[in-house]
Amino acid sequence: MNHGTKTIELPELTANLLRDKDCLIDNLFADLWKHMGMKARLNRIGFAKRSGTSAHELVYCLMIWVWLKVDSIGMFARESLKTFSCAEKDALYAALNQEDWNWRHLHRDVARQAIRGAKTSSPIRAFVLDDSIQVRHGKKMPGVSSHFDHTSGRHVMGQQVLTLGMSSTEGFVPIDSELFISATKAQELHQPFRDGRSIVAKRYRVAQSQTKPQMAGDMIRRAQRAGIEADYLLADAWFGTKPIIRLADEQLLTPILRMKKNTMKYRLTECKGGQAIHRDRDVNTLYQSCIRCQWQKIPEQPYQAKALDVELNLSSSPDEADQWIKVRLLFVRGIAQQPGKHDWAIFLTTDTNLEPHRILELYAMRWAIEVYFKEAKQYLGFLKEQSNHYAAYIASIHLTAIRFCMLVIAKSRHQASGIADVRQQLTANATSIDYAARLWQVFRSVIAGAIDEMEMLIGDTASQIMATIERHVQSFFVQALQLDVRTLRLEAK
């Protein structure tokens, strides 16, 4: 148990729309389906059937069932399907198991519209990379394998989904996803694909053969070819590796990565006697020699930090030519309580001009993908379809993301007409993706000023209110920046 930080709920992205008592989600979704021209979009991408219920009607039913308070497609077919279609349950599963429907193309198409529909005033856009594990135990489920779950700190059997998203001051949009099958305890197909050249068959081979950095590279390149651009690449410590840094450099992105406290060597140049001396050291050695007892407080923030500019060789083997690049390492620790010897974190960026407070503000944008995964599992049917066909898993991860993108579009269309009430609008403004920049510099003083005016009415309660707000603000940033004690000590192992 993490005793160092009181857990709070990170700000929601779209879930409040689903709980709005004035929002009838089926009506909202039907209107949005027509507004987006989904029927024509599906035809253009190649979703088609030779006979029976049309493809667009089946996709509509597959999209909407998760919001009708049913636990499975089977229950949806028994209780609600006839309200929307003349199709039977078998037709829905047949649609899920289609091996040549390009769900990724549909997902990217809808994501691009969601990004275009957001306000264009945001000067900051970042690709965010992360993975999530859905624990699965079925022995006939192809692609299930053993993965290390860094949330629980143990190995679990399940499906791991790598996701690339776009985070900006206006919101978050999932852009692409891929299943990753590890080499440990991987369960094989219980029946072969009908066509080894199909889209799903090719993606199965990718899931087996590619590493996550290779998958990430393909996803970023696909997004950029589709006209989705960003300036930064954000990822947590499990992606703080040379291949990811090299990927960002190749794609002209500025990485801001949480790094592990491992044996990766950095070159520190020191000048002694008029000569430059190069020393290769890992982060723990750098901490002891250059950081310890030299912390500097970040103004207006509850952290101490120390930036160190070093060089990193991106070559992955002695046979490769050296690829030295300059990077800035930012060592950070909290000052709210007495930190232990392992209670510090390290961030890396290739932009050596970024100030410590700016690095943390940009990295805080990464929290959105964590909330996306939570909402996807809780509300959006993330790998909930009960099928043992690998094609259904591919369909599920993209259906989940498409549902989310459509909610993003719905919120942007309906906020002005009353779907989001005043409370939700306030939440959206105060906890948007640039929450860090706004809150650290403005939000506290605004609230303090308002409470000062109310002090005659509420008396000593004013200081208690400010203390509570301060505590929740700090808890938010501890979670968003992953500076809680449990995460820090898990990294130190």
# chains A, B, ... in the order shown; residues from 1 in each chain; ligands from 1
>>> closest_atom_pairs(of="region 75-148 of chain A", to="region 368-379 of chain A", cutoff="10 Å", atoms="only C-alpha atoms", output="Markdown table")
| residue | atom | partner | partner_atom | distance |
| --- | --- | --- | --- | --- |
| A:Val128 | CA | A:Ile369 | CA | 7.1 |
| A:Leu129 | CA | A:Ile369 | CA | 8.0 |
| A:Asp130 | CA | A:Ile369 | CA | 7.2 |
| A:Asp131 | CA | A:Phe373 | CA | 8.8 |
| A:Ser132 | CA | A:Phe373 | CA | 7.1 |
| A:Ile133 | CA | A:Phe373 | CA | 9.6 |
| A:Gln134 | CA | A:Lys377 | CA | 8.6 |
>>> write_last_selection(atoms="N, CA and C atoms", output="short mmCIF file (atom, residue, chain, number, x, y, z; two decimals), in the first residue's frame")
data_model
loop_
_atom_site.label_atom_id
_atom_site.label_comp_id
_atom_site.auth_asym_id
_atom_site.auth_seq_id
_atom_site.Cartn_x
_atom_site.Cartn_y
_atom_site.Cartn_z
N VAL A 128 1.56 10.93 -26.81
CA VAL A 128 1.72 10.24 -25.53
C VAL A 128 1.68 8.75 -25.78
N LEU A 129 2.65 8.05 -25.24
CA LEU A 129 2.78 6.61 -25.47
C LEU A 129 2.67 5.88 -24.14
N ASP A 130 1.81 4.86 -24.11
CA ASP A 130 1.68 4.07 -22.87
C ASP A 130 1.03 2.73 -23.22
N ASP A 131 1.12 1.80 -22.29
CA ASP A 131 0.46 0.51 -22.48
C ASP A 131 -0.41 0.18 -21.28
N SER A 132 -1.34 -0.73 -21.48
CA SER A 132 -2.22 -1.16 -20.41
C SER A 132 -2.48 -2.65 -20.56
N ILE A 133 -2.65 -3.33 -19.45
CA ILE A 133 -2.86 -4.77 -19.46
C ILE A 133 -4.28 -5.09 -19.02
N GLN A 134 -4.95 -5.92 -19.79
CA GLN A 134 -6.25 -6.47 -19.41
C GLN A 134 -6.01 -7.93 -19.02
#
>>> residues_around(residues="region 32-37 of chain A", least_positions_apart="6", cutoff="10 Å", atoms="only C-alpha atoms", output="list in words")
Asp26, Tyr60, Val110, Gln113, Met406, Leu407, Ile409, Ala410 and Arg413 of chain A
>>> residues_around(residues="Val206 (chain A)", least_positions_apart="3", cutoff="12 Å", atoms="only C-alpha atoms", output="list in words")
Gly143, Glu178, Leu179, Phe180, Ile181, Ser182, Ile199, Val200, Ala201, Lys202, Arg203, Ser209, Gln210, Thr211, Lys212, Gln214, Met215, Ala216 and Asp218 of chain A
>>> residues_around(residues="Tyr363 (chain A)", least_positions_apart="3", cutoff="12 Å", atoms="only C-alpha atoms", output="PyMOL selection string")
chain A and resi 124-129+167-168+232-237+254-258+330+346-349+354+356-360+366-369+433-437+477-483
>>> closest_residue(among="A:Ala276, A:Asp100, A:Arg44, A:Val59", to="Ala391 (chain A)", atoms="only C-alpha atoms")
A:Asp100
>>> residues_around(residues="Val135 (chain A)", least_positions_apart="3", cutoff="8 Å", atoms="only C-alpha atoms", output="list in words")
Val156, Met157, Gly158 and Gln159 of chain A
>>> atom_distance(atom1="CA of Lys185 (chain A)", atom2="CA of Ser146 (chain A)")
5.8 Å
>>> closest_residue(among="A:Trp238, A:Arg246, A:Asp231, A:Glu99", to="Gly196 (chain A)", atoms="only C-alpha atoms")
A:Glu99
>>> decode(residues="region 152-170 of chain A", atoms="N, CA and C atoms", output="PDB file, in the first residue's frame")
ATOM      1  N   SER A 152       0.811  -3.348 -10.372  1.00  0.00           N
ATOM      2  CA  SER A 152       0.750  -4.280  -9.239  1.00  0.00           C
ATOM      3  C   SER A 152       2.126  -4.805  -8.844  1.00  0.00           C
ATOM      4  N   GLY A 153       3.113  -4.633  -9.725  1.00  0.00           N
ATOM      5  CA  GLY A 153       4.467  -5.101  -9.428  1.00  0.00           C
ATOM      6  C   GLY A 153       4.639  -6.600  -9.554  1.00  0.00           C
ATOM      7  N   ARG A 154       3.817  -7.275 -10.396  1.00  0.00           N
ATOM      8  CA  ARG A 154       3.955  -8.715 -10.568  1.00  0.00           C
ATOM      9  C   ARG A 154       3.584  -9.098 -12.004  1.00  0.00           C
ATOM     10  N   HIS A 155       3.908 -10.339 -12.367  1.00  0.00           N
ATOM     11  CA  HIS A 155       3.573 -10.840 -13.691  1.00  0.00           C
ATOM     12  C   HIS A 155       2.133 -11.371 -13.696  1.00  0.00           C
ATOM     13  N   VAL A 156       1.419 -11.066 -14.778  1.00  0.00           N
ATOM     14  CA  VAL A 156       0.037 -11.520 -14.918  1.00  0.00           C
ATOM     15  C   VAL A 156      -0.166 -12.048 -16.329  1.00  0.00           C
ATOM     16  N   MET A 157      -1.144 -12.939 -16.475  1.00  0.00           N
ATOM     17  CA  MET A 157      -1.540 -13.404 -17.798  1.00  0.00           C
ATOM     18  C   MET A 157      -2.622 -12.471 -18.338  1.00  0.00           C
ATOM     19  N   GLY A 158      -2.447 -12.015 -19.556  1.00  0.00           N
ATOM     20  CA  GLY A 158      -3.436 -11.115 -20.116  1.00  0.00           C
ATOM     21  C   GLY A 158      -3.031 -10.605 -21.479  1.00  0.00           C
ATOM     22  N   GLN A 159      -3.707  -9.547 -21.894  1.00  0.00           N
ATOM     23  CA  GLN A 159      -3.436  -8.903 -23.169  1.00  0.00           C
ATOM     24  C   GLN A 159      -2.920  -7.499 -22.905  1.00  0.00           C
ATOM     25  N   GLN A 160      -1.828  -7.175 -23.539  1.00  0.00           N
ATOM     26  CA  GLN A 160      -1.228  -5.859 -23.371  1.00  0.00           C
ATOM     27  C   GLN A 160      -1.475  -5.033 -24.627  1.00  0.00           C
ATOM     28  N   VAL A 161      -1.985  -3.821 -24.417  1.00  0.00           N
ATOM     29  CA  VAL A 161      -2.325  -2.938 -25.526  1.00  0.00           C
ATOM     30  C   VAL A 161      -1.445  -1.696 -25.457  1.00  0.00           C
ATOM     31  N   LEU A 162      -0.685  -1.477 -26.519  1.00  0.00           N
ATOM     32  CA  LEU A 162       0.134  -0.276 -26.646  1.00  0.00           C
ATOM     33  C   LEU A 162      -0.689   0.781 -27.373  1.00  0.00           C
ATOM     34  N   THR A 163      -0.749   1.977 -26.806  1.00  0.00           N
ATOM     35  CA  THR A 163      -1.599   3.036 -27.367  1.00  0.00           C
ATOM     36  C   THR A 163      -0.804   4.312 -27.559  1.00  0.00           C
ATOM     37  N   LEU A 164      -1.054   4.954 -28.686  1.00  0.00           N
ATOM     38  CA  LEU A 164      -0.508   6.278 -28.975  1.00  0.00           C
ATOM     39  C   LEU A 164      -1.660   7.269 -28.963  1.00  0.00           C
ATOM     40  N   GLY A 165      -1.504   8.347 -28.216  1.00  0.00           N
ATOM     41  CA  GLY A 165      -2.537   9.369 -28.151  1.00  0.00           C
ATOM     42  C   GLY A 165      -1.972  10.747 -28.408  1.00  0.00           C
ATOM     43  N   MET A 166      -2.863  11.692 -28.629  1.00  0.00           N
ATOM     44  CA  MET A 166      -2.496  13.101 -28.793  1.00  0.00           C
ATOM     45  C   MET A 166      -3.026  13.874 -27.600  1.00  0.00           C
ATOM     46  N   SER A 167      -2.120  14.534 -26.884  1.00  0.00           N
ATOM     47  CA  SER A 167      -2.494  15.328 -25.717  1.00  0.00           C
ATOM     48  C   SER A 167      -2.208  16.795 -26.014  1.00  0.00           C
ATOM     49  N   SER A 168      -3.182  17.648 -25.750  1.00  0.00           N
ATOM     50  CA  SER A 168      -3.002  19.077 -25.974  1.00  0.00           C
ATOM     51  C   SER A 168      -3.750  19.837 -24.894  1.00  0.00           C
ATOM     52  N   THR A 169      -3.677  21.157 -24.960  1.00  0.00           N
ATOM     53  CA  THR A 169      -4.386  21.968 -23.971  1.00  0.00           C
ATOM     54  C   THR A 169      -5.889  21.881 -24.154  1.00  0.00           C
ATOM     55  N   GLU A 170      -6.344  21.328 -25.264  1.00  0.00           N
ATOM     56  CA  GLU A 170      -7.773  21.231 -25.532  1.00  0.00           C
ATOM     57  C   GLU A 170      -8.358  19.865 -25.225  1.00  0.00           C
TER      58      GLU A 170
END
